[in-house]
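Asks: First the structure, which I've put down as structure tokens, then a few questions once you've had a look.
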Amino acid sequence: MHPALTLQPIGHICAPKQLKFQARHQPAEADEESSVLELLPGHDYEQALADLAGFDRIWLIWWFHRNSNWRPLVLPPRGPAQRRGVFSTRSPYRPNPLGITPIRLLRVEKRRLILGPCDLVDGTPVFDIKPYVAAFDAFPDARAGWIDEVDAALAQPGRFTVELSPLANTQAEWLRTHWDIDFIPRMLELLSRDPSPHRTRRIKRRSPELWTIGCGAWRAVFGLRDETVQVRALETGYPMRFLLRENYEQVPDREAQLAFLALWPDQPGATLPE
Ligand SMILES: C[S@@+](CC[C@H](N)C(=O)[O-])C[C@H]1O[C@@H](n2cnc3c(N)ncnc32)[C@H](O)[C@@H]1O
């Protein structure tokens, strides 16, 4: 048994995302946003950064510091609701909570690295930086096990037909025209692929006949017949009594939810008969 290794962060990330659920699962290259790695003073890190500016990309090795536990089996956000061994995933719930990200390096400014989009939340401690070297690090033809299978399934058209009831259609149209809120395309994509309960896709069973899917601050209630998903109604994610509470002003789409509840106070999807 080796002794434990103590690591000290070399710096912290300043990134636009404060909450874990806002951060990307992996950096999205198309995102415009940038992030900054600010290295700590007093450690000669300015010298350690010499010669890095010529690299387009660097590896960050960092701490999932917002997590305190790990799980041997985890439920990946994409693909079927199937748990996978954590070592076959990039899940943050690992025995040693280390993340790796090959991030775009835009500029080096003394102890500050100006970086492209990232999947770290603001304030994440970083332990190490290494140059990304395509000749060592990129193997585009390497198999990716269950992830290849999920990608192949996602490339196929969805297996389920999704129908919106007249009520759900009216509600969706009202949200679009009055509030510029439109989660329907993403909801259709998810439901047409797989409407079965899933934690990260926020699909839950509400009763023997009804399921719900969470879409941001909203929910849709649906039933299932053979291979057809019938969306009965849309609902607010929060009930009126929460939306009116003090300290709930920051709830996403709060004004729209209040206006929605004024029009459809009964959240009828929950009780519609078969
Ligand atoms: C799927 S992990 C992948 C991380 C890294 N690219 C990797 O492959 O090791 C990315 C997720 O980690 C979560 N995350 C980001 N920063 C975190 C932090 N400091 N502590 C805990 N979770 C974090 C966010 O939810 C983000 O979507």
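Chain identifiers are assigned as A, B, and so on, following the order in which chains appear in the structure tokens; residues are numbered from 1 within each chain, and ligands are numbered from 1 in order of appearance.
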Could you pull the residues within 12 Å of A:Asn169, counting only C-alpha atoms, minus those fewer than 4 positions along the same chain, as a PyMOL selection string?
Replies: chain A and resi 163-165+173-176+182+184+220+230-234
Asks: Pick out the residues sitting within 7 Å of A:Thr161, and hand them over as number ranges by chain; count only C-alpha atoms, and ignore anything fewer than 4 positions along from it in its own chain.
Replies: A: 192, 227-229
Asks: Please build the interface table for chain A against ligand 1 with a cut-off of 9 Å, listing for each qualifying residue the nearest atom pair and the distance in Å to one decimal; count only C-alpha atoms and all ligand atoms, order rows by chain and increasing number, and write it as a Markdown table.
Replies:
```
| residue | atom | partner | partner_atom_place_in_ligand_line | distance |
| --- | --- | --- | --- | --- |
| A:Lys17 | CA | ligand 1 | 15 (C) | 8.8 |
| A:Gln18 | CA | ligand 1 | 16 (N) | 8.9 |
| A:Leu19 | CA | ligand 1 | 25 (O) | 7.5 |
| A:Lys20 | CA | ligand 1 | 25 (O) | 3.9 |
| A:Phe21 | CA | ligand 1 | 25 (O) | 4.9 |
| A:Gln22 | CA | ligand 1 | 25 (O) | 6.8 |
| A:Ala23 | CA | ligand 1 | 27 (O) | 4.3 |
| A:Arg24 | CA | ligand 1 | 27 (O) | 4.3 |
| A:His25 | CA | ligand 1 | 27 (O) | 3.8 |
| A:Gln26 | CA | ligand 1 | 6 (N) | 5.0 |
| A:Pro27 | CA | ligand 1 | 6 (N) | 7.2 |
| A:Leu60 | CA | ligand 1 | 6 (N) | 8.9 |
| A:Ile61 | CA | ligand 1 | 9 (O) | 8.1 |
| A:Trp62 | CA | ligand 1 | 19 (N) | 7.8 |
| A:Trp63 | CA | ligand 1 | 19 (N) | 5.9 |
| A:Phe64 | CA | ligand 1 | 20 (N) | 3.3 |
| A:His65 | CA | ligand 1 | 20 (N) | 4.3 |
| A:Arg66 | CA | ligand 1 | 20 (N) | 3.7 |
| A:Asn67 | CA | ligand 1 | 21 (C) | 5.0 |
| A:Ser68 | CA | ligand 1 | 21 (C) | 8.7 |
| A:Pro76 | CA | ligand 1 | 1 (C) | 8.5 |
| A:Pro77 | CA | ligand 1 | 1 (C) | 8.8 |
| A:Thr89 | CA | ligand 1 | 1 (C) | 8.0 |
| A:Arg90 | CA | ligand 1 | 8 (O) | 4.5 |
| A:Ser91 | CA | ligand 1 | 1 (C) | 4.8 |
| A:Pro92 | CA | ligand 1 | 2 (S) | 5.2 |
| A:Tyr93 | CA | ligand 1 | 22 (N) | 8.1 |
| A:Pro97 | CA | ligand 1 | 21 (C) | 8.2 |
| A:Leu98 | CA | ligand 1 | 9 (O) | 6.6 |
| A:Gly99 | CA | ligand 1 | 9 (O) | 3.4 |
| A:Ile100 | CA | ligand 1 | 9 (O) | 4.1 |
| A:Thr101 | CA | ligand 1 | 6 (N) | 4.4 |
| A:Pro102 | CA | ligand 1 | 6 (N) | 7.6 |
| A:Cys118 | CA | ligand 1 | 6 (N) | 8.1 |
| A:Asp119 | CA | ligand 1 | 26 (C) | 5.2 |
| A:Leu120 | CA | ligand 1 | 16 (N) | 3.7 |
| A:Val121 | CA | ligand 1 | 16 (N) | 4.2 |
| A:Asp122 | CA | ligand 1 | 19 (N) | 7.4 |
| A:Gly123 | CA | ligand 1 | 19 (N) | 7.1 |
| A:Thr124 | CA | ligand 1 | 19 (N) | 4.4 |
| A:Pro125 | CA | ligand 1 | 19 (N) | 7.1 |
```
Asks: Compare A:Lys130, A:Ala81, A:Glu33, A:Arg71 by their minimum atom-to-atom distance to A:Phe55, counting only C-alpha atoms, and give me the closest one.
Replies: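 The answer is A:Lys130, which sits nearest to A:Phe55.
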Asks: Taking the DSSP assignment computed from this structure's backbone, write out as a PyMOL selection string all residues of stretch 109-265 of chain A that belong to alpha helix (DSSP H).
Replies: chain A and resi 134-137+145-155+166-179+184-193+240-243+254-263
Asks: If we count only C-alpha atoms and set the cut-off at 9 Å, which residues sit around stretch 110-115 of chain A, ignoring sequence neighbours fewer than 5 positions away in its own chain? Please answer as a compact mmCIF listing (two decimals) with C-alpha atoms, in the first residue's frame.
Replies:
```
# COMPACT_ATOMS: atom_id res chain seq x y z
CA SER A 34 -14.18 31.72 -22.56
CA SER A 35 -12.79 30.92 -19.15
CA VAL A 36 -9.68 31.93 -17.24
CA LEU A 37 -7.26 29.88 -15.19
CA GLU A 38 -5.70 32.10 -12.58
CA LEU A 39 -2.56 30.53 -11.09
CA LEU A 40 -1.61 31.28 -7.47
CA PRO A 41 1.09 33.88 -6.81
CA TYR A 45 4.32 29.53 -11.90
CA GLU A 46 5.08 32.36 -14.38
CA LEU A 49 4.29 28.59 -18.02
CA ARG A 57 -4.71 23.14 -26.49
CA ILE A 103 -9.16 22.87 -23.40
CA ARG A 104 -8.35 25.52 -26.03
CA LEU A 105 -5.52 27.86 -24.97
```
Asks: Using DSSP on the backbone, list every residue of stretch 40-261 of chain A that comes out as strand (DSSP E or B), and give them as an MDAnalysis selection string.
Replies: chainID A and resid 57:63 73:74 84:85 98:109 112:115 125:131 161:164 198 203:205 211:215 218:225 228:236
Asks: Return the single residue from A:Leu258, A:Val133, A:Leu106, A:Ala172 that is closest to A:Pro185, with distances computed using only C-alpha atoms.
Replies: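 Of the candidates, the smallest distance to A:Pro185 is held by A:Ala172.
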Asks: Which value, in Å to one decimal, gives the distance between atom CA of A:Leu188 and atom CA of A:Val162?
Replies: 6.6 Å
Asks: What is the atom CA of A:Gly42-atom CA of A:Pro117 distance in Å, reported with one decimal?
Replies: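 So the two atoms, atom CA of A:Gly42 and atom CA of A:Pro117, lie 27.5 Å apart.
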Asks: Do you have the atom CA of A:Ala217-atom CA of A:Tyr248 distance handy?
Replies: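 Atom CA of A:Tyr248 lies 12.8 Å from atom CA of A:Ala217.
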Asks: Calculated over only C-alpha atoms, which of the candidates A:Ala152, A:Leu263, A:Leu224, A:Ile58 has the smallest distance to A:Ala134?
Replies: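 Of all the options, A:Ile58 lies closest to A:Ala134.
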